[in-house]
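The block underneath contains the structure these notes are about, expressed in structure tokens.
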Amino acid sequence: MAETPKDVALLAKIEEQGLAVRTLKSANGDAKAVDEAVAQLLKLKEEYKALTGQDVPGASKGKPAKKKDAKEEGEAAAKEPKEAKGGKGKKGKSEAKEGAGEEAAAPKGDEPISKRKAKAAEKPADGNEVKEDFSFPAAEEEILKFWEEIEAFKTSLKFSEGKPEYTFYDGPPFATGTPHYGHILAGTIKDVMTRYAHQTGHHVERRFGWDCHGLPVEYEIDKALNIKGPQDVLAMGIDKYNGECRKIVMRYSQEWEDTVTRLGRWIDFKNDYKTMYPWFMESVWWVFKQMFEKGLVYRGFKVMPFSTALSTPLSNFEANQDMKNVQDPAVTVAFKSVDGDYSYLAWTTTPWTLPSNLALCVHPEVEYVRFRDNTKNAEFVCAKPLLKGKGCLYKEDDTTVEILAEFLGATLVGKKYTPLFPYFQSRADCFRIVSDTYVTTDTGTGIVHQAPGHGEDDFRVCLAHKIINNEDIPCPIDESGRFTEEVPEYKGMYIKDADKEIIKALKASGKMFHESTVFHAYPHCWRSSTPLIRKTVDSWFVRVEGLRERLMKNNQQTYWVPSAIKEGRFHNWLSEARDWAISRNRFWGTPIPLWISDDGQELVCVGSIEELQELSGRTDVTDLHREYVDPITIPSKQGKGLLKRVPQVFDCWFESGSMPYAQKHYPFENKDRFEKGFPADFIAEGLDQTRGWFYTLLVIGTCLFDQPPWKNLVVNGLILAGDGQKMSKRLRNYPPPTDVLKENGADALRLYLVDSPAVRAESLRFNQKGVQDLTKDVFLPWLNAFRFFEQNAKRLQEAIGSPFLFDPSARCESANTFDRWILAYAQTLIKFFHEEMQAYRLYTVLPRLLKFIDNLTNWYIRFNRKRLKGQSGDDDAWNALWTLGEVLLSLSKLMAPVTPFFTEWVYQRLRPYLARTMPVQWTPAQVTTWLTESGLGQHVALFQQHGIKGVDLFDLSHADLTSMGLDRCTDRKAILRSTAQLIAAHPTKEVRVINNVSEEDSVHFQMLPQPKEEYYNSEIERGFDALKRTIEAGRLIRDRNTLPVKYPLRELVVVSKTPFVVDDVVLLSSYIKAELNIQTLTVCDDPAKYHVQLRAEAKADVLGPRLQGAMRTVVSALQQLTQEQLEAFQKSGTVSVAGHELTASDVLLTYEFAAGTQTTYSAFTDADILVLLDVTPTQEMIDEGIAREVVSRVQKLRKKAKLQPSDPITVTFQVVKEDPATNLGGVLAAHSGSISAALDGQAVAIGAPEAGAKILGEEDTKIKAADLKIWIVARS
């Protein structure tokens, strides 16, 4: 229930009265005064309960606690813990900062900060509000409501205004499809890094962008309207066609926004950019004009990848985006020589290009042969390496072939042949042999047929040999991939359909030498999935080939993760970069701003709307799409009439590559801001963008400013279906993201993706079970850790009669070794976290974070459960809870960029336990406590009289103190000396409030923690490493010998020659003994004492590939090494064996008992630690183990009955069937005291419950071979 201002005011009074009780006790007030103060406190609490129907936050709500009268309350206050060892008192400093979780005080003069209403942010009254059937997805939905109510993302940006800018570019997706896992992965990486930047003191603008133009949109409209080609569009009208495109551009935008928001990604959808906005298009025009004016743009005829489905050329990098394995015809055709009775053999997998043949090409330096095929009774010419053998024209042993002559390819140049088809036979100087070194002898015949309208090499070679010129290139294929009237027999026929007809015609004319098929990778249109062809087109190009050196130089200025992609794949692509065809023969796109005269001699490039209006005389230009600018003409300055715009539009990759400038409408607006933030600090996308967005960004940045447009780049790998195939909606081989979010939540999905090989640019096979496992293995233990903290913080509060608060900015003075370890370990993690996040290495950060959660839950909490429960006293419990609370708080902040929902959930529930850390927020009561702690208690009444608050301490002066009536100079100096120390320890920092939202209201408004130097302790961390290795070895030995840890064992021996290992084990021996349930722990530095010796084993997977044939020799030599040599190797890490230098990574060193050794020990080794465990228990040990088995059954029954640890019960046992070997009755009688102690002191009885007893739970169970009945009975 949300609190009202009246509730808050009453809580403030309760807080101040609670502090007054503490102050009186600290000042040794008399009992009567304490009783009166406690009575007033109880009265206020009753008022609060009457007003709200609830106990004051911090009071128990599970089983109602017995109310204390004033005397009892006073006695409880008197028994509250004194100052902890080390100086920081539980009553003093921590209590003084009481209430920080209830409401953060506003800066002086501001109104109080209102409570948040959303459930996600409400402060839980006790641990019972964390339900057993906790749902992470449901909790996330509540957090989303909370964020929406406080406008969390928008507010966070306001809080960060004025901080250093961190520039981020978001690559624009198309909204014509729904988001898939590839989008989610890249989006999560972007969100993690930009959240990290924000929480390290930066202002990070995050705007979502949309790719609105181009093939994806047009393809959908063409399908919907059955448009077959450009003529259909022109007949329909460009305005109507573009209107249809505009309608569907944002078809799935709401699905995108819903999914991205549900994933917890903070990005601005309202202030987005769309490539179809006129202001965005205008900046694209400006980019193009800069390149045009630098002479980087030209018009040319080139053979380009061409999509017949979309009737437009594609860029070279687009052509490789969708390679498919297909089966195509493979034909070897005979071209009849005019110089003799023989034919030239040429091989092709595109029979449809044969009607366009103009020449044949050979390699000038390869040896060719003229041979006779006696079966065919005909003579042919081919390359000699391809005549006989595997993959050649004939088998090696074929005797039907007779070589007649041998010669180099150069001797064939100039020879003529008869055209296969008559369509271009009238062309002069064609149908002859030419040569070029691109011809290979890998496959085919060594003679390549040349169709210059359909092959880049064909075009280049034919142009060089003057078969064609730039103005006249035969290309009888239209934009839909159909033959034109130049080839009348196949006119209107689609090229792939024409293959069969052409093959038939060749067979009929006797020109088909051989026909087969080939299965090979072939490029397909990335949008329509139809085969691409190569076609000569009239295009506009950017001169990229001349920029290669500058592109590679600029690439070297950037930082990539992983770097191998930068140095390998991307560098190689840049080193062979081709001129970029930026024009598309389409309609829905940014028009290329070139106006040209009819004779093509006058060309004007326009760079802005204003310039177009000036040149054209128009004043009504508001939209730059084709239907608006195509009718606009520009008067010629050379007397050539009116200039008209060229018909092409920009490749949509040109638009996305221009987004750094266009999203800011640069240079027309935001000029200073753009230039300060360029280049971007960070970008991220998938591996496929190395030839896409990353490439176009770099090309345009180099053309404009000769610098890369980004500093840091993260490349993610591809996400595949679980079977390793491409994810396919048609095959349904992956679960929809919306289902995974609904079932498992966003945090688990985010964590699964960023803690995967995909962040190292490797492929990830998506498996929903991996997401589910993270909930089980990470989030549930984390949740339970918080539950345990909260339950025991409530228990402590009830025990001491006042709130438990800890100050994360202060030092926890606990002397407990485990506390010191987990706090030191946390600082090491924080340091590592910042180092690796600043290096953008998520793949190293996430494993360490998850390992920390494991160490927290499975080591710290496991070993300190009794302390946290208060079984070692309230003082010790306070220290343990402070430690656990501080670590949970640090963990929530560190994990916030990765798992934003659960960290917010934990943070909100930790806030009631946070002491106010900033003196500027202190109330007069807190100032009173500070005065008392500082030895200035004699001035409390004076400060209370004048209502001095924390903020007043920061400008307190001698004059102020004099005016308050403090005449003694020594007193004033003492007070001002203490305030100076306070200010030095707590620099002034006011908690800012925007629209009643405080900086403390969300974990995502918090700055990430920095390491606290005072907690560093490398020796303790090292010691706990030895402890964990020892315990894990002991557990393994127990498992191997089927000895549950409930059963005690006599002795554990730890052997190590590393001095500090022995010392560390001795220091932590009590923990090791307790965890492994052993009676004696012995340390030793001499393995021989226990007849144990070293053994060396070669790591075959490491050495095998390296040593190959020498592997056996090395293995044998390793076995011959003496103990002295092995010990030297263990110490130095290197050893020479059979002439090979080996290191610790090549050889596994283990310990084993010497041959013939009789021992009761079982051994396990971990590097420099050998653990020996005596595995022969005594009868006494067996009985103790049986008693522990009984305790375990009772605890499970308590849990089944949903009882709390504090619920008063009596446990009764009855042996239904005794087993002499087990002697269960005797064990129960002998160990009843230890069973009771293990059950938190609950009563234990032998025999059935009394008649009428309230049975809370009962169970029949088996302990070894004995049958036991257990009852849990309510106890008043």
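Numbering starts fresh at 1 for the residues of each chain in the structure tokens, the chains themselves are lettered A, B, ... in the order given, and ligands are numbered from 1 as they appear.
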
Show which residues sit within 8 Å of segment 821-831 of chain A, as a list of chain:residue names. Count only C-alpha atoms, and ignore same-chain residues fewer than 2 positions away. A:Thr817, A:Phe818, A:Asp819, A:Phe833, A:His834, A:Glu835, A:Arg848, A:Leu849, A:Phe852, A:Leu856, A:Tyr860, A:Thr883, A:Val887, A:Ser890, A:Leu894, A:Pro1009, A:Gln1010, A:Pro1011, A:Lys1012, A:Glu1013, A:Tyr1015, A:Tyr1016, A:Asn1017, A:Ser1018, A:Ile1020, A:Glu1021, A:Phe1024

May I have all residues of segment 181-249 of chain A that DSSP, computed from the backbone, assigns to strand (DSSP E), given as a list in words?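 Strand (DSSP E) assignments inside segment 181-249 of chain A correspond to Arg207, Phe208, Gly209 and Trp210 of chain A.
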
Counting only C-alpha atoms, what are the residues of segment 591-660 of chain A within 9 Å of segment 242-265 of chain A, and for each of them which pair of atoms is the nearest and at what distance in Å, to one decimal? Sort the table by chain and rising number, as a Markdown table.
```
| residue | atom | partner | partner_atom | distance |
| --- | --- | --- | --- | --- |
| A:His625 | CA | A:Asn242 | CA | 8.4 |
| A:Arg626 | CA | A:Asn242 | CA | 8.4 |
| A:Glu627 | CA | A:Asn242 | CA | 7.9 |
```

Can you check which residues of segment 915-1035 of chain A DSSP gives as alpha helix (DSSP H) on the backbone and send them as a count of residues only? 57

Ranking A:Ala1074, A:Ala451, A:Ile1235, A:Val1003 by minimum distance to Lys893 of chain A and counting only C-alpha atoms, which one comes first?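 Closest residue, counting only C-alpha atoms: A:Val1003.
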
Give me the residues near Pro736 of chain A as a PyMOL selection string, where near means some atom within 10 Å (using only C-alpha atoms) and where sequence neighbours in that chain fewer than 3 positions away do not count. chain A and resi 179-181+729+732-733+739-741

Near-segment 1089-1106 of chain A list (7 Å; only C-alpha atoms; drop same-chain fewer than 6 positions) as a PyMOL selection string: chain A and resi 1115+1118-1119+1123+1126+1146-1154+1157

Can I get the selected residues back with N, CA, C and O atoms, as a PDB file, in the first residue's frame?
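result_23.pdb written:
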```
ATOM      1  N   VAL A1115      56.046 -39.333 -23.903  1.00  0.00           N
ATOM      2  CA  VAL A1115      55.232 -40.006 -22.883  1.00  0.00           C
ATOM      3  C   VAL A1115      56.092 -40.991 -22.097  1.00  0.00           C
ATOM      4  O   VAL A1115      56.047 -41.048 -20.860  1.00  0.00           O
ATOM      5  N   LEU A1118      58.561 -39.108 -19.824  1.00  0.00           N
ATOM      6  CA  LEU A1118      57.905 -38.524 -18.655  1.00  0.00           C
ATOM      7  C   LEU A1118      57.791 -39.544 -17.528  1.00  0.00           C
ATOM      8  O   LEU A1118      57.967 -39.230 -16.343  1.00  0.00           O
ATOM      9  N   GLN A1119      57.501 -40.771 -17.884  1.00  0.00           N
ATOM     10  CA  GLN A1119      57.339 -41.826 -16.882  1.00  0.00           C
ATOM     11  C   GLN A1119      58.659 -42.165 -16.184  1.00  0.00           C
ATOM     12  O   GLN A1119      58.652 -42.760 -15.107  1.00  0.00           O
ATOM     13  N   GLN A1123      61.413 -38.447  -8.711  1.00  0.00           N
ATOM     14  CA  GLN A1123      60.634 -37.571  -7.849  1.00  0.00           C
ATOM     15  C   GLN A1123      61.298 -36.209  -7.702  1.00  0.00           C
ATOM     16  O   GLN A1123      60.625 -35.175  -7.661  1.00  0.00           O
ATOM     17  N   LEU A1126      60.513 -34.260 -10.811  1.00  0.00           N
ATOM     18  CA  LEU A1126      59.109 -33.839 -10.840  1.00  0.00           C
ATOM     19  C   LEU A1126      58.854 -32.710  -9.848  1.00  0.00           C
ATOM     20  O   LEU A1126      58.085 -31.778 -10.139  1.00  0.00           O
ATOM     21  N   ASP A1146      51.384 -28.278 -20.503  1.00  0.00           N
ATOM     22  CA  ASP A1146      51.561 -29.483 -21.321  1.00  0.00           C
ATOM     23  C   ASP A1146      51.430 -30.769 -20.516  1.00  0.00           C
ATOM     24  O   ASP A1146      51.172 -31.841 -21.074  1.00  0.00           O
ATOM     25  N   VAL A1147      51.652 -30.673 -19.208  1.00  0.00           N
ATOM     26  CA  VAL A1147      51.753 -31.874 -18.374  1.00  0.00           C
ATOM     27  C   VAL A1147      50.836 -31.732 -17.158  1.00  0.00           C
ATOM     28  O   VAL A1147      50.793 -30.679 -16.521  1.00  0.00           O
ATOM     29  N   LEU A1148      50.129 -32.827 -16.847  1.00  0.00           N
ATOM     30  CA  LEU A1148      49.289 -32.863 -15.652  1.00  0.00           C
ATOM     31  C   LEU A1148      50.053 -33.566 -14.542  1.00  0.00           C
ATOM     32  O   LEU A1148      50.440 -34.727 -14.670  1.00  0.00           O
ATOM     33  N   LEU A1149      50.306 -32.834 -13.450  1.00  0.00           N
ATOM     34  CA  LEU A1149      50.982 -33.411 -12.290  1.00  0.00           C
ATOM     35  C   LEU A1149      49.941 -33.828 -11.260  1.00  0.00           C
ATOM     36  O   LEU A1149      49.099 -33.012 -10.853  1.00  0.00           O
ATOM     37  N   THR A1150      49.986 -35.102 -10.850  1.00  0.00           N
ATOM     38  CA  THR A1150      49.075 -35.591  -9.827  1.00  0.00           C
ATOM     39  C   THR A1150      49.866 -36.380  -8.786  1.00  0.00           C
ATOM     40  O   THR A1150      51.033 -36.723  -9.010  1.00  0.00           O
ATOM     41  N   TYR A1151      49.203 -36.640  -7.645  1.00  0.00           N
ATOM     42  CA  TYR A1151      49.813 -37.461  -6.609  1.00  0.00           C
ATOM     43  C   TYR A1151      49.157 -38.842  -6.623  1.00  0.00           C
ATOM     44  O   TYR A1151      47.970 -38.981  -6.913  1.00  0.00           O
ATOM     45  N   GLU A1152      49.937 -39.850  -6.272  1.00  0.00           N
ATOM     46  CA  GLU A1152      49.410 -41.195  -6.122  1.00  0.00           C
ATOM     47  C   GLU A1152      50.186 -41.903  -5.018  1.00  0.00           C
ATOM     48  O   GLU A1152      51.327 -41.551  -4.708  1.00  0.00           O
ATOM     49  N   PHE A1153      49.530 -42.903  -4.415  1.00  0.00           N
ATOM     50  CA  PHE A1153      50.217 -43.679  -3.385  1.00  0.00           C
ATOM     51  C   PHE A1153      51.259 -44.587  -4.039  1.00  0.00           C
ATOM     52  O   PHE A1153      51.037 -45.134  -5.121  1.00  0.00           O
ATOM     53  N   ALA A1154      52.371 -44.707  -3.375  1.00  0.00           N
ATOM     54  CA  ALA A1154      53.433 -45.576  -3.888  1.00  0.00           C
ATOM     55  C   ALA A1154      52.929 -47.016  -3.958  1.00  0.00           C
ATOM     56  O   ALA A1154      52.069 -47.436  -3.177  1.00  0.00           O
ATOM     57  N   THR A1157      51.429 -49.609  -1.074  1.00  0.00           N
ATOM     58  CA  THR A1157      51.085 -48.871   0.145  1.00  0.00           C
ATOM     59  C   THR A1157      49.740 -49.337   0.682  1.00  0.00           C
ATOM     60  O   THR A1157      48.742 -49.371  -0.048  1.00  0.00           O
TER      61      THR A1157
END
```

Excluding segment 365-381 of chain A and any residue of its chain fewer than 5 positions from it, enumerate the residues within 8 Å of it, using only C-alpha atoms, and give them as a ChimeraX atom specification. /A:334,341-345,400-410

Go ahead and write the residues just picked, C-alpha atoms, as a compact mmCIF listing (two decimals), in the first residue's frame.
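The resulting file, result_21.txt, is shown below:
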```
# COMPACT_ATOMS: atom_id res chain seq x y z
CA ALA A 334 32.13 -26.85 -78.43
CA ASP A 341 38.22 -28.97 -88.26
CA TYR A 342 38.33 -28.75 -84.47
CA SER A 343 36.46 -26.98 -81.69
CA TYR A 344 37.36 -25.05 -78.53
CA LEU A 345 35.78 -26.44 -75.38
CA THR A 400 40.01 -43.14 -76.61
CA VAL A 401 41.84 -39.82 -76.39
CA GLU A 402 44.80 -38.97 -78.61
CA ILE A 403 46.86 -35.79 -78.17
CA LEU A 404 47.67 -34.25 -81.54
CA ALA A 405 49.48 -31.05 -80.58
CA GLU A 406 50.65 -29.07 -77.53
CA PHE A 407 51.12 -25.30 -77.29
CA LEU A 408 50.91 -22.34 -74.90
CA GLY A 409 47.69 -20.39 -74.61
CA ALA A 410 49.36 -17.28 -76.01
```

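The two atoms in question, atom CA of Val1083 of chain A and atom CA of Val1055 of chain A, are spaced 5.8 Å apart.
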
With only C-alpha atoms as the atoms that count, which of A:Leu774, A:Ile634, A:Met1007, A:Ala186 lies nearest to Val715 of chain A? A:Ala186

Report, in Å to a single decimal, how far apart atom CA of Gln1125 of chain A and atom CA of Glu1032 of chain A are.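 For atom CA of Glu1032 of chain A relative to atom CA of Gln1125 of chain A, the distance reads 28.4 Å.
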
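Proximity ranking of A:Thr1030, A:Thr441, A:Gln601, A:Gln797 relative to Asp1168 of chain A places A:Thr1030 first, based on only C-alpha atoms.
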
Can you list, as an mmCIF file with N, CA, C and O atoms, in the first residue's frame, every protein, DNA or RNA residue that comes within 10 Å of Asp773 of chain A when you count only C-alpha atoms, leaving out same-chain residues fewer than 4 positions away?
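Heads up, here's the output in part_10.cif:
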```cif
data_model
loop_
_atom_site.group_PDB
_atom_site.id
_atom_site.type_symbol
_atom_site.label_atom_id
_atom_site.label_comp_id
_atom_site.auth_asym_id
_atom_site.auth_seq_id
_atom_site.Cartn_x
_atom_site.Cartn_y
_atom_site.Cartn_z
ATOM 1 N N ASN A 744 10.318 -17.003 -19.126
ATOM 2 C CA ASN A 744 11.571 -16.963 -18.366
ATOM 3 C C ASN A 744 11.987 -15.575 -17.924
ATOM 4 O O ASN A 744 12.862 -15.446 -17.071
ATOM 5 N N ALA A 748 16.895 -13.205 -17.563
ATOM 6 C CA ALA A 748 17.493 -14.505 -17.877
ATOM 7 C C ALA A 748 17.895 -14.568 -19.341
ATOM 8 O O ALA A 748 18.964 -15.100 -19.673
ATOM 9 N N TYR A 752 21.707 -14.856 -20.634
ATOM 10 C CA TYR A 752 22.043 -15.999 -21.490
ATOM 11 C C TYR A 752 22.778 -15.534 -22.747
ATOM 12 O O TYR A 752 23.766 -16.149 -23.170
ATOM 13 N N GLN A 768 16.513 -22.762 -25.289
ATOM 14 C CA GLN A 768 15.749 -22.147 -24.209
ATOM 15 C C GLN A 768 16.083 -22.764 -22.864
ATOM 16 O O GLN A 768 15.981 -22.106 -21.823
ATOM 17 N N LYS A 769 16.511 -24.023 -22.853
ATOM 18 C CA LYS A 769 16.894 -24.643 -21.592
ATOM 19 C C LYS A 769 18.046 -23.883 -20.942
ATOM 20 O O LYS A 769 18.141 -23.802 -19.715
ATOM 21 N N ASP A 777 20.096 -21.623 -11.658
ATOM 22 C CA ASP A 777 21.468 -21.636 -11.139
ATOM 23 C C ASP A 777 21.972 -20.277 -10.684
ATOM 24 O O ASP A 777 22.937 -20.205 -9.919
ATOM 25 N N VAL A 778 21.363 -19.195 -11.160
ATOM 26 C CA VAL A 778 21.846 -17.857 -10.810
ATOM 27 C C VAL A 778 20.790 -17.052 -10.056
ATOM 28 O O VAL A 778 21.002 -16.602 -8.926
ATOM 29 N N PHE A 779 19.606 -16.885 -10.663
ATOM 30 C CA PHE A 779 18.638 -15.958 -10.085
ATOM 31 C C PHE A 779 17.983 -16.497 -8.814
ATOM 32 O O PHE A 779 17.760 -15.739 -7.869
#
```

Contacts of Gly182 of chain A at 12 Å or less, counting only C-alpha atoms, minus same-chain residues fewer than 5 places along, as a short mmCIF file (atom, residue, chain, number, x, y, z; two decimals) with C-alpha atoms, in the first residue's frame?
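The resulting file, result-v2.cif, is reproduced below:
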```cif
data_model
loop_
_atom_site.label_atom_id
_atom_site.label_comp_id
_atom_site.auth_asym_id
_atom_site.auth_seq_id
_atom_site.Cartn_x
_atom_site.Cartn_y
_atom_site.Cartn_z
CA PRO A 173 16.73 -1.84 -38.38
CA GLY A 187 20.38 -4.53 -28.49
CA THR A 188 21.34 -6.06 -25.15
CA ILE A 189 25.05 -5.44 -25.74
CA ALA A 684 27.80 -2.53 -31.86
CA GLU A 685 26.19 -4.87 -34.36
CA GLY A 686 26.43 -8.41 -35.66
CA LEU A 687 29.23 -10.08 -37.59
CA ASP A 688 27.33 -9.66 -40.87
CA GLN A 689 27.74 -5.90 -40.61
CA VAL A 715 30.91 -7.41 -32.85
CA ASN A 716 28.54 -10.16 -31.91
CA GLY A 717 28.25 -13.55 -33.56
CA LEU A 718 25.24 -15.06 -35.25
CA ILE A 719 22.45 -16.84 -33.37
CA LEU A 720 21.42 -20.14 -34.90
CA ALA A 721 18.62 -22.54 -34.12
CA LYS A 726 19.60 -20.72 -39.64
CA MET A 727 16.56 -19.67 -37.62
CA PRO A 737 11.25 -14.31 -28.27
CA ARG A 750 19.75 -11.05 -21.52
CA LEU A 753 22.91 -13.98 -24.58
CA VAL A 754 25.70 -11.80 -23.20
CA ALA A 758 28.16 -14.74 -29.32
CA VAL A 759 29.88 -11.80 -27.52
CA ALA A 761 31.72 -13.00 -32.44
CA SER A 763 27.95 -18.52 -33.33
CA LEU A 764 25.46 -19.46 -30.63
CA ARG A 765 23.00 -22.31 -30.94
CA PHE A 766 19.98 -20.96 -29.11
#
```
